$ cat my_file_31.cif   # mmCIF, C-alpha atoms and all ligand atoms
data_data
#
loop_
_atom_site.group_PDB
_atom_site.id
_atom_site.type_symbol
_atom_site.label_atom_id
_atom_site.label_comp_id
_atom_site.auth_asym_id
_atom_site.auth_seq_id
_atom_site.Cartn_x
_atom_site.Cartn_y
_atom_site.Cartn_z
ATOM 1 C CA MET A 1 0.000 0.000 0.000
ATOM 2 C CA THR A 2 1.366 3.372 -0.885
ATOM 3 C CA ALA A 3 0.559 6.840 0.340
ATOM 4 C CA THR A 4 2.189 9.721 -1.380
ATOM 5 C CA SER A 5 0.170 12.844 -0.870
ATOM 6 C CA ALA A 6 1.401 15.830 1.095
ATOM 7 C CA GLY A 7 -2.236 16.524 1.887
ATOM 8 C CA ASN A 8 -2.324 19.897 0.178
ATOM 9 C CA GLY A 9 -3.272 18.674 -3.223
ATOM 10 C CA GLY A 10 -0.230 16.604 -4.122
ATOM 11 C CA PRO A 11 -0.531 13.296 -5.923
ATOM 12 C CA VAL A 12 -3.529 11.264 -4.850
ATOM 13 C CA ILE A 13 -2.840 8.021 -3.015
ATOM 14 C CA GLU A 14 -2.978 4.922 -5.174
ATOM 15 C CA SER A 15 -4.723 2.596 -2.733
ATOM 16 C CA TRP A 16 -6.305 2.834 0.685
ATOM 17 C CA GLU A 17 -3.869 2.837 3.565
ATOM 18 C CA GLU A 18 -4.375 1.051 6.850
ATOM 19 C CA GLY A 19 -5.911 4.084 8.600
ATOM 20 C CA GLN A 20 -8.315 4.675 5.751
ATOM 21 C CA PHE A 21 -10.199 1.426 6.189
ATOM 22 C CA ALA A 22 -11.683 2.678 9.465
ATOM 23 C CA ALA A 23 -12.704 5.893 7.693
ATOM 24 C CA LEU A 24 -14.224 3.835 4.892
ATOM 25 C CA GLU A 25 -16.371 1.976 7.429
ATOM 26 C CA VAL A 26 -17.652 5.265 8.898
ATOM 27 C CA VAL A 27 -18.582 6.561 5.453
ATOM 28 C CA GLU A 28 -20.119 3.255 4.391
ATOM 29 C CA ALA A 29 -22.320 3.222 7.484
ATOM 30 C CA ALA A 30 -23.535 6.767 6.756
ATOM 31 C CA LEU A 31 -24.475 6.150 3.128
ATOM 32 C CA PRO A 32 -27.824 4.729 2.085
ATOM 33 C CA PRO A 33 -27.664 1.035 1.205
ATOM 34 C CA PRO A 34 -26.153 0.883 -2.270
ATOM 35 C CA VAL A 35 -28.426 -0.010 -5.147
ATOM 36 C CA THR A 36 -26.773 -3.157 -6.434
ATOM 37 C CA GLU A 37 -29.103 -4.282 -9.183
ATOM 38 C CA GLY A 38 -31.103 -2.861 -12.032
ATOM 39 C CA THR A 39 -31.080 0.664 -13.348
ATOM 40 C CA VAL A 40 -30.336 3.784 -11.308
ATOM 41 C CA LEU A 41 -31.240 6.226 -14.043
ATOM 42 C CA GLU A 42 -32.884 6.101 -17.444
ATOM 43 C CA ALA A 43 -33.185 9.128 -19.718
ATOM 44 C CA GLU A 44 -35.327 8.532 -22.779
ATOM 45 C CA ASP A 45 -35.460 10.519 -25.990
ATOM 46 C CA ILE A 46 -34.536 13.883 -24.446
ATOM 47 C CA HIS A 47 -35.002 17.033 -26.516
ATOM 48 C CA VAL A 48 -33.847 20.468 -25.344
ATOM 49 C CA SER A 49 -33.677 23.657 -27.418
ATOM 50 C CA PHE A 50 -32.413 27.083 -26.389
ATOM 51 C CA GLY A 51 -34.072 29.357 -28.927
ATOM 52 C CA GLY A 52 -32.636 28.145 -32.209
ATOM 53 C CA VAL A 53 -29.934 25.986 -30.613
ATOM 54 C CA ARG A 54 -30.856 22.323 -30.427
ATOM 55 C CA ALA A 55 -28.731 21.208 -27.484
ATOM 56 C CA LEU A 56 -30.231 17.701 -27.219
ATOM 57 C CA GLN A 57 -32.014 15.982 -30.094
ATOM 58 C CA GLY A 58 -33.426 12.705 -28.837
ATOM 59 C CA ALA A 59 -30.597 11.598 -26.531
ATOM 60 C CA SER A 60 -31.124 8.538 -24.325
ATOM 61 C CA MET A 61 -28.921 7.044 -21.631
ATOM 62 C CA ARG A 62 -29.112 4.279 -19.027
ATOM 63 C CA ILE A 63 -26.985 4.128 -15.890
ATOM 64 C CA PRO A 64 -26.949 0.644 -14.362
ATOM 65 C CA ALA A 65 -26.448 0.300 -10.607
ATOM 66 C CA GLY A 66 -22.870 0.150 -9.350
ATOM 67 C CA THR A 67 -21.210 1.352 -12.555
ATOM 68 C CA ILE A 68 -19.255 4.319 -13.826
ATOM 69 C CA VAL A 69 -20.781 5.520 -17.075
ATOM 70 C CA GLY A 70 -18.758 7.900 -19.234
ATOM 71 C CA LEU A 71 -20.249 10.696 -21.316
ATOM 72 C CA ILE A 72 -17.937 12.035 -24.002
ATOM 73 C CA GLY A 73 -18.345 14.423 -26.887
ATOM 74 C CA PRO A 74 -16.880 17.568 -28.391
ATOM 75 C CA ASN A 75 -17.469 20.991 -26.849
ATOM 76 C CA GLY A 76 -21.047 22.070 -27.301
ATOM 77 C CA SER A 77 -22.330 18.535 -27.994
ATOM 78 C CA GLY A 78 -24.843 18.752 -25.117
ATOM 79 C CA LYS A 79 -23.084 16.936 -22.251
ATOM 80 C CA SER A 80 -23.653 19.549 -19.547
ATOM 81 C CA THR A 81 -27.198 20.132 -20.799
ATOM 82 C CA PHE A 82 -27.802 16.395 -20.385
ATOM 83 C CA PHE A 83 -26.656 16.697 -16.745
ATOM 84 C CA ASP A 84 -28.920 19.738 -16.295
ATOM 85 C CA VAL A 85 -31.865 17.658 -17.471
ATOM 86 C CA ILE A 86 -30.909 14.715 -15.264
ATOM 87 C CA ASN A 87 -30.624 16.794 -12.118
ATOM 88 C CA GLY A 88 -33.613 19.001 -12.855
ATOM 89 C CA PHE A 89 -32.038 22.376 -13.677
ATOM 90 C CA THR A 90 -33.482 22.156 -17.166
ATOM 91 C CA ILE A 91 -36.896 20.727 -17.955
ATOM 92 C CA PRO A 92 -36.691 18.979 -21.340
ATOM 93 C CA ASP A 93 -38.990 19.983 -24.186
ATOM 94 C CA SER A 94 -39.811 16.291 -24.459
ATOM 95 C CA GLY A 95 -38.567 12.960 -23.149
ATOM 96 C CA ARG A 96 -38.761 11.230 -19.772
ATOM 97 C CA ILE A 97 -36.333 10.638 -16.922
ATOM 98 C CA ARG A 98 -36.697 7.777 -14.461
ATOM 99 C CA ALA A 99 -34.428 7.418 -11.453
ATOM 100 C CA PHE A 100 -34.413 5.092 -8.470
ATOM 101 C CA GLY A 101 -37.578 3.399 -9.722
ATOM 102 C CA GLN A 102 -39.724 6.487 -10.297
ATOM 103 C CA ASP A 103 -40.488 9.038 -12.983
ATOM 104 C CA ILE A 104 -38.687 12.246 -11.989
ATOM 105 C CA THR A 105 -39.162 14.271 -15.186
ATOM 106 C CA ASP A 106 -41.206 16.937 -13.390
ATOM 107 C CA MET A 107 -39.428 16.753 -10.029
ATOM 108 C CA ASN A 108 -37.434 19.800 -8.894
ATOM 109 C CA PRO A 109 -33.660 19.579 -8.306
ATOM 110 C CA TRP A 110 -34.064 19.734 -4.525
ATOM 111 C CA HIS A 111 -36.256 16.622 -4.437
ATOM 112 C CA ARG A 112 -33.932 14.818 -6.812
ATOM 113 C CA ALA A 113 -31.058 15.596 -4.448
ATOM 114 C CA ARG A 114 -33.058 14.140 -1.582
ATOM 115 C CA LEU A 115 -33.468 10.938 -3.587
ATOM 116 C CA GLY A 116 -29.678 10.685 -3.715
ATOM 117 C CA MET A 117 -28.665 12.525 -6.863
ATOM 118 C CA CYS A 118 -25.620 14.734 -6.515
ATOM 119 C CA ARG A 119 -23.903 16.792 -9.155
ATOM 120 C CA THR A 120 -20.615 18.660 -9.481
ATOM 121 C CA PHE A 121 -19.990 21.404 -12.006
ATOM 122 C CA GLN A 122 -17.428 22.137 -14.671
ATOM 123 C CA ALA A 123 -16.300 25.197 -12.740
ATOM 124 C CA ASN A 124 -15.114 24.846 -9.158
ATOM 125 C CA HIS A 125 -18.016 25.285 -6.765
ATOM 126 C CA ILE A 126 -16.288 25.111 -3.413
ATOM 127 C CA ASP A 127 -16.162 28.258 -1.299
ATOM 128 C CA PRO A 128 -12.546 29.482 -1.144
ATOM 129 C CA ASN A 129 -13.221 31.472 2.026
ATOM 130 C CA LEU A 130 -14.554 28.559 4.056
ATOM 131 C CA THR A 131 -12.268 25.948 5.564
ATOM 132 C CA VAL A 132 -12.060 22.511 4.007
ATOM 133 C CA PHE A 133 -14.071 21.201 6.991
ATOM 134 C CA GLU A 134 -16.808 23.779 6.440
ATOM 135 C CA ASN A 135 -16.935 23.078 2.712
ATOM 136 C CA LEU A 136 -17.260 19.359 3.290
ATOM 137 C CA ILE A 137 -19.874 19.551 6.028
ATOM 138 C CA THR A 138 -22.092 21.713 3.809
ATOM 139 C CA GLY A 139 -22.756 18.566 1.837
ATOM 140 C CA ALA A 140 -24.395 16.973 4.887
ATOM 141 C CA PHE A 141 -27.028 19.697 5.380
ATOM 142 C CA LEU A 142 -29.512 17.794 3.259
ATOM 143 C CA SER A 143 -29.535 15.017 5.811
ATOM 144 C CA ILE A 144 -29.275 16.922 9.106
ATOM 145 C CA SER A 145 -32.732 16.359 10.559
ATOM 146 C CA GLY A 146 -34.966 19.315 11.288
ATOM 147 C CA GLY A 147 -33.122 21.638 8.920
ATOM 148 C CA VAL A 148 -31.781 25.053 9.738
ATOM 149 C CA LEU A 149 -34.098 26.011 12.649
ATOM 150 C CA THR A 150 -33.387 22.979 14.778
ATOM 151 C CA SER A 151 -29.687 23.406 14.057
ATOM 152 C CA VAL A 152 -29.825 26.990 15.330
ATOM 153 C CA PHE A 153 -31.661 26.014 18.522
ATOM 154 C CA GLN A 154 -29.459 22.960 18.982
ATOM 155 C CA PHE A 155 -32.232 20.492 19.774
ATOM 156 C CA PRO A 156 -30.759 17.226 21.035
ATOM 157 C CA LYS A 157 -31.518 15.182 17.907
ATOM 158 C CA SER A 158 -29.999 17.906 15.777
ATOM 159 C CA ARG A 159 -26.911 18.116 18.009
ATOM 160 C CA ARG A 160 -26.445 14.389 17.632
ATOM 161 C CA ASP A 161 -26.824 14.710 13.872
ATOM 162 C CA GLN A 162 -24.227 17.467 13.815
ATOM 163 C CA GLN A 163 -21.764 15.350 15.758
ATOM 164 C CA GLN A 164 -22.329 12.534 13.298
ATOM 165 C CA ALA A 165 -21.866 14.940 10.405
ATOM 166 C CA ALA A 166 -18.558 16.133 11.895
ATOM 167 C CA GLU A 167 -17.399 12.546 12.306
ATOM 168 C CA LEU A 168 -18.423 11.781 8.725
ATOM 169 C CA THR A 169 -16.563 14.907 7.548
ATOM 170 C CA ARG A 170 -13.335 13.717 9.143
ATOM 171 C CA ALA A 171 -13.777 10.244 7.659
ATOM 172 C CA VAL A 172 -14.457 11.589 4.163
ATOM 173 C CA ALA A 173 -11.452 13.925 4.475
ATOM 174 C CA ARG A 174 -9.326 10.909 5.345
ATOM 175 C CA LEU A 175 -10.453 9.119 2.176
ATOM 176 C CA ILE A 176 -9.764 12.065 -0.100
ATOM 177 C CA ASP A 177 -6.465 12.786 1.634
ATOM 178 C CA LEU A 178 -7.410 16.189 2.998
ATOM 179 C CA GLU A 179 -7.588 15.338 6.702
ATOM 180 C CA LYS A 180 -4.429 17.286 7.482
ATOM 181 C CA VAL A 181 -5.817 20.469 5.981
ATOM 182 C CA LEU A 182 -9.350 20.418 7.397
ATOM 183 C CA GLU A 183 -8.913 23.783 9.098
ATOM 184 C CA VAL A 184 -7.210 25.409 6.125
ATOM 185 C CA ARG A 185 -9.091 27.827 3.878
ATOM 186 C CA ALA A 186 -10.129 25.877 0.790
ATOM 187 C CA GLY A 187 -8.899 28.698 -1.457
ATOM 188 C CA VAL A 188 -5.262 27.945 -0.654
ATOM 189 C CA LEU A 189 -5.490 24.278 -1.658
ATOM 190 C CA SER A 190 -3.949 23.271 -4.955
ATOM 191 C CA PHE A 191 -6.356 22.856 -7.844
ATOM 192 C CA GLY A 192 -6.385 19.072 -7.402
ATOM 193 C CA GLY A 193 -7.066 19.471 -3.691
ATOM 194 C CA GLN A 194 -10.024 21.724 -4.438
ATOM 195 C CA ARG A 195 -11.483 19.210 -6.874
ATOM 196 C CA ARG A 196 -11.095 16.449 -4.271
ATOM 197 C CA ALA A 197 -12.834 18.691 -1.720
ATOM 198 C CA GLU A 198 -15.717 19.071 -4.154
ATOM 199 C CA ILE A 199 -15.992 15.320 -4.629
ATOM 200 C CA GLY A 200 -15.764 14.868 -0.854
ATOM 201 C CA ARG A 201 -18.600 17.320 -0.334
ATOM 202 C CA SER A 202 -20.706 15.335 -2.811
ATOM 203 C CA ILE A 203 -20.087 12.175 -0.826
ATOM 204 C CA MET A 204 -21.175 13.995 2.336
ATOM 205 C CA SER A 205 -24.625 14.328 0.771
ATOM 206 C CA ARG A 206 -24.902 10.517 0.744
ATOM 207 C CA PRO A 207 -25.321 10.066 -3.005
ATOM 208 C CA ARG A 208 -26.778 7.093 -4.791
ATOM 209 C CA LEU A 209 -25.862 8.668 -8.120
ATOM 210 C CA LEU A 210 -22.971 11.064 -8.574
ATOM 211 C CA LEU A 211 -22.863 13.240 -11.699
ATOM 212 C CA LEU A 212 -19.343 14.565 -12.278
ATOM 213 C CA ASP A 213 -19.025 17.271 -14.926
ATOM 214 C CA GLU A 214 -15.386 17.367 -16.014
ATOM 215 C CA PRO A 215 -13.895 16.939 -12.535
ATOM 216 C CA SER A 216 -10.436 17.076 -14.095
ATOM 217 C CA ALA A 217 -10.969 20.292 -16.084
ATOM 218 C CA GLY A 218 -7.734 22.275 -16.021
ATOM 219 C CA MET A 219 -5.593 19.260 -15.064
ATOM 220 C CA ASP A 220 -3.034 17.441 -17.154
ATOM 221 C CA SER A 221 -3.732 13.814 -18.041
ATOM 222 C CA GLN A 222 -1.598 12.486 -15.184
ATOM 223 C CA GLU A 223 -3.429 14.504 -12.516
ATOM 224 C CA ALA A 224 -6.721 13.616 -14.164
ATOM 225 C CA GLY A 225 -5.811 9.909 -14.047
ATOM 226 C CA SER A 226 -5.004 10.211 -10.354
ATOM 227 C CA LEU A 227 -8.315 11.905 -9.599
ATOM 228 C CA LEU A 228 -10.227 9.284 -11.546
ATOM 229 C CA ARG A 229 -8.483 6.459 -9.715
ATOM 230 C CA LEU A 230 -9.721 8.034 -6.488
ATOM 231 C CA VAL A 231 -13.259 8.304 -7.860
ATOM 232 C CA THR A 232 -13.095 4.661 -8.959
ATOM 233 C CA ARG A 233 -11.957 3.515 -5.497
ATOM 234 C CA LEU A 234 -14.730 5.514 -3.826
ATOM 235 C CA GLN A 235 -17.305 4.212 -6.266
ATOM 236 C CA SER A 236 -16.337 0.576 -5.984
ATOM 237 C CA ASP A 237 -16.109 0.620 -2.181
ATOM 238 C CA LEU A 238 -19.136 2.797 -1.455
ATOM 239 C CA GLY A 239 -21.343 1.368 -4.176
ATOM 240 C CA PHE A 240 -22.970 4.466 -5.696
ATOM 241 C CA ALA A 241 -23.282 4.877 -9.445
ATOM 242 C CA VAL A 242 -21.342 7.568 -11.299
ATOM 243 C CA CYS A 243 -21.882 9.371 -14.568
ATOM 244 C CA LEU A 244 -18.726 11.104 -15.664
ATOM 245 C CA ILE A 245 -18.179 13.800 -18.268
ATOM 246 C CA GLU A 246 -14.498 13.827 -19.103
ATOM 247 C CA HIS A 247 -12.503 15.230 -21.992
ATOM 248 C CA PHE A 248 -9.565 12.802 -21.710
ATOM 249 C CA VAL A 249 -11.129 9.983 -23.717
ATOM 250 C CA ARG A 250 -8.385 7.553 -22.716
ATOM 251 C CA ILE A 251 -9.218 8.080 -19.044
ATOM 252 C CA VAL A 252 -12.912 7.482 -19.728
ATOM 253 C CA PHE A 253 -12.085 4.219 -21.484
ATOM 254 C CA ASP A 254 -9.862 3.152 -18.574
ATOM 255 C CA HIS A 255 -12.385 3.877 -15.817
ATOM 256 C CA CYS A 256 -15.870 3.476 -17.265
ATOM 257 C CA SER A 257 -17.634 0.227 -18.037
ATOM 258 C CA ILE A 258 -20.144 1.894 -20.348
ATOM 259 C CA VAL A 259 -19.565 4.933 -22.537
ATOM 260 C CA TYR A 260 -21.979 7.222 -24.370
ATOM 261 C CA ALA A 261 -20.594 9.410 -27.141
ATOM 262 C CA LEU A 262 -22.579 12.539 -27.961
ATOM 263 C CA ALA A 263 -22.346 14.720 -31.034
ATOM 264 C CA GLU A 264 -24.687 17.596 -31.826
ATOM 265 C CA GLY A 265 -27.113 16.530 -29.126
ATOM 266 C CA ARG A 266 -27.409 12.925 -30.292
ATOM 267 C CA VAL A 267 -25.889 9.696 -28.998
ATOM 268 C CA ILE A 268 -23.739 8.527 -31.898
ATOM 269 C CA ALA A 269 -22.147 5.540 -30.123
ATOM 270 C CA GLU A 270 -22.738 3.639 -26.896
ATOM 271 C CA GLY A 271 -21.460 0.498 -25.256
ATOM 272 C CA THR A 272 -18.258 -0.788 -23.717
ATOM 273 C CA PRO A 273 -15.092 1.262 -24.237
ATOM 274 C CA ASP A 274 -14.072 -1.228 -26.943
ATOM 275 C CA GLU A 275 -17.381 -0.912 -28.745
ATOM 276 C CA VAL A 276 -17.269 2.884 -28.667
ATOM 277 C CA SER A 277 -13.629 3.174 -29.673
ATOM 278 C CA ASN A 278 -14.311 0.820 -32.608
ATOM 279 C CA SER A 279 -17.432 2.684 -33.657
ATOM 280 C CA LYS A 280 -17.014 4.355 -37.010
ATOM 281 C CA ALA A 281 -19.371 7.184 -36.054
ATOM 282 C CA ALA A 282 -17.392 8.027 -32.906
ATOM 283 C CA GLN A 283 -14.071 7.808 -34.738
ATOM 284 C CA GLN A 284 -15.330 10.073 -37.473
ATOM 285 C CA HIS A 285 -16.595 12.656 -35.032
ATOM 286 C CA TYR A 286 -13.670 13.069 -32.721
ATOM 287 C CA LEU A 287 -11.729 10.062 -31.513
ATOM 288 C CA GLY A 288 -9.189 10.826 -34.179
ATOM 289 C CA GLU A 289 -8.473 14.096 -32.399
ATOM 290 C CA GLN A 290 -7.010 12.341 -29.345
HETATM 291 P P1 LIG B 301 -21.042 20.555 -23.631
HETATM 292 O O1 LIG B 301 -21.208 20.432 -22.150
HETATM 293 O O2 LIG B 301 -21.063 19.237 -24.356
HETATM 294 O O3 LIG B 301 -19.844 21.361 -24.000
HETATM 295 P P2 LIG B 301 -23.476 22.157 -23.487
HETATM 296 O O4 LIG B 301 -24.493 21.203 -23.002
HETATM 297 O O5 LIG B 301 -22.913 23.114 -22.494
HETATM 298 O O6 LIG B 301 -22.306 21.346 -24.216
HETATM 299 O O7 LIG B 301 -24.080 23.012 -24.658
HETATM 300 C C1 LIG B 301 -24.780 22.431 -25.772
HETATM 301 C C2 LIG B 301 -25.266 23.535 -26.685
HETATM 302 O O8 LIG B 301 -26.304 24.275 -26.044
HETATM 303 C C3 LIG B 301 -24.188 24.559 -27.034
HETATM 304 O O9 LIG B 301 -24.413 24.979 -28.345
HETATM 305 C C4 LIG B 301 -24.431 25.667 -26.042
HETATM 306 O O10 LIG B 301 -23.969 26.904 -26.549
HETATM 307 C C5 LIG B 301 -25.937 25.638 -25.897
HETATM 308 N N1 LIG B 301 -26.408 26.070 -24.586
HETATM 309 C C6 LIG B 301 -26.168 25.448 -23.407
HETATM 310 N N2 LIG B 301 -26.775 26.084 -22.392
HETATM 311 C C7 LIG B 301 -27.424 27.148 -22.928
HETATM 312 C C8 LIG B 301 -28.245 28.185 -22.417
HETATM 313 N N3 LIG B 301 -28.527 28.257 -21.118
HETATM 314 N N4 LIG B 301 -28.738 29.102 -23.285
HETATM 315 C C9 LIG B 301 -28.460 29.030 -24.610
HETATM 316 N N5 LIG B 301 -27.708 28.064 -25.162
HETATM 317 C C10 LIG B 301 -27.190 27.130 -24.357
HETATM 318 MG MG MG B 302 -19.991 21.093 -20.558
#
$ encode --input "my_file_31.cif" --output "C-alpha cells"
Amino acid sequence: MTATSAGNGGPVIESWEEGQFAALEVVEAALPPPVTEGTVLEAEDIHVSFGGVRALQGASMRIPAGTIVGLIGPNGSGKSTFFDVINGFTIPDSGRIRAFGQDITDMNPWHRARLGMCRTFQANHIDPNLTVFENLITGAFLSISGGVLTSVFQFPKSRRDQQQAAELTRAVARLIDLEKVLEVRAGVLSFGGQRRAEIGRSIMSRPRLLLLDEPSAGMDSQEAGSLLRLVTRLQSDLGFAVCLIEHFVRIVFDHCSIVYALAEGRVIAEGTPDEVSNSKAAQQHYLGEQ
C-alpha cells in the first residue's frame, strides 16, 4: 500500500492505507444502502432547445447500478445540458427521466437531491473562504434532521446529527487525503485538492448517483488519471453509481464500463469502451483528435 500525498493537493494516493479502512467503514455506514441491481437512471429521448440551438435531439442514456458511465463528446455537444436535465435544472422539451424506480421528469432539483442525486460542475463550486471542513460539512445539510431552525436552537436530535456529520466529515477527508488540511481555507489548496474537496462534499450528501461534470478540467492527463483512480476507489467501495463527463477519452475508457458518445445533441455511439472506440461514427466525429 502506498501513500504519497502531502495533503495539500499533491498526488492522490494509489490505494487505501491502513488508517483509511476505518474511515471507509464510517462513510459506508452513513451512506444509504447501495443499489446493487437494475437501473439507477434512465433518460429517454430527451429534446432540449435554447431558442434556435438544439442542445439535445433525442438523446437517451441508461446508468446501471454500481457502474461508472462515461459521457464524451466535443465541446457544445450537449453533455452539460444532459446533466442539467438529469438533475432538474433544465426541464426537457420532451422525453422522460426515471431514477431510483420512479419518474422524476417533473421533479425539482431539490427533491432529486433528496433521492440521492448529486452533481458537481465544470467550474469549481467550493467556497474558497470557508475551511475545508466547512466546505465538506455543507454537503451533509440535506440530511441533518430538522433543517436550519433545529440546528440553530441545537435540539438534542440535531446536536447528535451534527456530531455525526462532523465525524463523517473527518472520515471523508481521510479518504480524499485532505484530513491534514481540514482547518485550512479551501482557497489555498492546490487545484487538485479543491477538486477532491468538491468530490468529498458530494459524498457527504450521501449520493446514490454522482454526476461529475469534467472533474479534471484544467488538469493534465496524469493529474486527471489520479483523480479518476480516487473516484473509482470511492465508487467501488461505497457502491454508488457515477456518470462522468471527461474530456480525456483515454481516461474514460480506462475507468468506465459503459460509454456514451454525444455529437450535436445525439448519442452517436454507446457500449463498452471497446465498442465505442471501434465505432465508425465516434471515430469520425472526434476520436481521431485524441
Ligand atoms: P457541452 O457540455 O457538451 O460542452 P453544453 O451542453 O454546455 O455542451 O451546450 C450544448 C449547446 O447548447 C451549445 O451549443 C451551447 O452553446 C448551448 N447552450 C447550453 N446552455 C445554454 C443556455 N442556457 N442558453 C443558450 N444556449 C445554451
Ligand atoms: Mg460542458
$ closest_residue --input "my_file_31.cif" --among "A:Phe50, A:Phe89, A:Phe121, A:Phe21" --to "ligand MG 302 (chain B)" --atoms "all atoms listed in the file"
A:Phe121
$ closest_residue --input "my_file_31.cif" --among "A:Lys180, A:Arg114, A:Arg195, A:Lys79" --to "ligand LIG 301 (chain B)" --atoms "only C-alpha atoms and all ligand atoms"
A:Lys79
$ closest_residue --input "my_file_31.cif" --among "A:Met204, A:Ala29, A:Ala281, A:Ile199" --to "Leu228 (chain A)" --atoms "all atoms listed in the file"
A:Ile199
$ resolve_selection --input "my_file_31.cif" --expression "the PyMOL selection byres (((chain A and resi 214) around 9) and not hetatm)" --output "list in words"
Thr120, Phe121, Gln122, Ala123, Leu212, Asp213, Pro215, Ser216, Ala217, Leu244, Ile245, Glu246 and His247 of chain A
$ residues_near_ligand --input "my_file_31.cif" --ligand "ligand LIG 301 (chain B)" --cutoff "7 Å" --atoms "all atoms listed in the file" --output "PyMOL selection string"
chain A and resi 50+53-55+73-82
$ decode --input "my_file_31.cif" --residues "region 229-244 of chain A" --atoms "N, CA, C and O atoms" --output "PDB file, in the first residue's frame"
ATOM      1  N   ARG A 229      -8.730   7.678 -10.498  1.00  0.00           N
ATOM      2  CA  ARG A 229      -8.483   6.459  -9.715  1.00  0.00           C
ATOM      3  C   ARG A 229      -9.124   6.593  -8.338  1.00  0.00           C
ATOM      4  O   ARG A 229      -9.665   5.644  -7.797  1.00  0.00           O
ATOM      5  N   LEU A 230      -9.069   7.799  -7.788  1.00  0.00           N
ATOM      6  CA  LEU A 230      -9.721   8.034  -6.488  1.00  0.00           C
ATOM      7  C   LEU A 230     -11.243   7.854  -6.613  1.00  0.00           C
ATOM      8  O   LEU A 230     -11.866   7.179  -5.793  1.00  0.00           O
ATOM      9  N   VAL A 231     -11.809   8.437  -7.651  1.00  0.00           N
ATOM     10  CA  VAL A 231     -13.259   8.304  -7.860  1.00  0.00           C
ATOM     11  C   VAL A 231     -13.624   6.824  -8.004  1.00  0.00           C
ATOM     12  O   VAL A 231     -14.612   6.345  -7.435  1.00  0.00           O
ATOM     13  N   THR A 232     -12.816   6.085  -8.746  1.00  0.00           N
ATOM     14  CA  THR A 232     -13.095   4.661  -8.959  1.00  0.00           C
ATOM     15  C   THR A 232     -13.044   3.885  -7.647  1.00  0.00           C
ATOM     16  O   THR A 232     -13.887   3.030  -7.379  1.00  0.00           O
ATOM     17  N   ARG A 233     -12.050   4.206  -6.799  1.00  0.00           N
ATOM     18  CA  ARG A 233     -11.957   3.515  -5.497  1.00  0.00           C
ATOM     19  C   ARG A 233     -13.183   3.839  -4.645  1.00  0.00           C
ATOM     20  O   ARG A 233     -13.755   2.963  -4.018  1.00  0.00           O
ATOM     21  N   LEU A 234     -13.562   5.117  -4.625  1.00  0.00           N
ATOM     22  CA  LEU A 234     -14.730   5.514  -3.826  1.00  0.00           C
ATOM     23  C   LEU A 234     -15.982   4.818  -4.347  1.00  0.00           C
ATOM     24  O   LEU A 234     -16.780   4.286  -3.587  1.00  0.00           O
ATOM     25  N   GLN A 235     -16.116   4.820  -5.667  1.00  0.00           N
ATOM     26  CA  GLN A 235     -17.305   4.212  -6.266  1.00  0.00           C
ATOM     27  C   GLN A 235     -17.368   2.723  -5.962  1.00  0.00           C
ATOM     28  O   GLN A 235     -18.400   2.205  -5.542  1.00  0.00           O
ATOM     29  N   SER A 236     -16.252   2.031  -6.134  1.00  0.00           N
ATOM     30  CA  SER A 236     -16.337   0.576  -5.984  1.00  0.00           C
ATOM     31  C   SER A 236     -16.506   0.199  -4.518  1.00  0.00           C
ATOM     32  O   SER A 236     -17.174  -0.780  -4.202  1.00  0.00           O
ATOM     33  N   ASP A 237     -15.970   0.984  -3.594  1.00  0.00           N
ATOM     34  CA  ASP A 237     -16.109   0.620  -2.181  1.00  0.00           C
ATOM     35  C   ASP A 237     -17.400   1.126  -1.570  1.00  0.00           C
ATOM     36  O   ASP A 237     -17.908   0.529  -0.627  1.00  0.00           O
ATOM     37  N   LEU A 238     -17.926   2.236  -2.068  1.00  0.00           N
ATOM     38  CA  LEU A 238     -19.136   2.797  -1.455  1.00  0.00           C
ATOM     39  C   LEU A 238     -20.398   2.437  -2.235  1.00  0.00           C
ATOM     40  O   LEU A 238     -21.500   2.579  -1.734  1.00  0.00           O
ATOM     41  N   GLY A 239     -20.233   2.003  -3.471  1.00  0.00           N
ATOM     42  CA  GLY A 239     -21.343   1.368  -4.176  1.00  0.00           C
ATOM     43  C   GLY A 239     -22.297   2.286  -4.919  1.00  0.00           C
ATOM     44  O   GLY A 239     -23.267   1.812  -5.501  1.00  0.00           O
ATOM     45  N   PHE A 240     -22.058   3.608  -4.934  1.00  0.00           N
ATOM     46  CA  PHE A 240     -22.970   4.466  -5.696  1.00  0.00           C
ATOM     47  C   PHE A 240     -22.641   4.359  -7.187  1.00  0.00           C
ATOM     48  O   PHE A 240     -21.599   3.825  -7.560  1.00  0.00           O
ATOM     49  N   ALA A 241     -23.548   4.844  -8.011  1.00  0.00           N
ATOM     50  CA  ALA A 241     -23.282   4.877  -9.445  1.00  0.00           C
ATOM     51  C   ALA A 241     -22.720   6.249  -9.806  1.00  0.00           C
ATOM     52  O   ALA A 241     -22.965   7.227  -9.097  1.00  0.00           O
ATOM     53  N   VAL A 242     -21.941   6.301 -10.877  1.00  0.00           N
ATOM     54  CA  VAL A 242     -21.342   7.568 -11.299  1.00  0.00           C
ATOM     55  C   VAL A 242     -21.607   7.771 -12.791  1.00  0.00           C
ATOM     56  O   VAL A 242     -21.534   6.819 -13.572  1.00  0.00           O
ATOM     57  N   CYS A 243     -21.938   9.002 -13.151  1.00  0.00           N
ATOM     58  CA  CYS A 243     -21.882   9.371 -14.568  1.00  0.00           C
ATOM     59  C   CYS A 243     -20.839  10.473 -14.684  1.00  0.00           C
ATOM     60  O   CYS A 243     -20.871  11.456 -13.950  1.00  0.00           O
ATOM     61  N   LEU A 244     -19.911  10.259 -15.587  1.00  0.00           N
ATOM     62  CA  LEU A 244     -18.726  11.104 -15.664  1.00  0.00           C
ATOM     63  C   LEU A 244     -18.601  11.751 -17.034  1.00  0.00           C
ATOM     64  O   LEU A 244     -18.562  11.066 -18.057  1.00  0.00           O
TER      65      LEU A 244
END
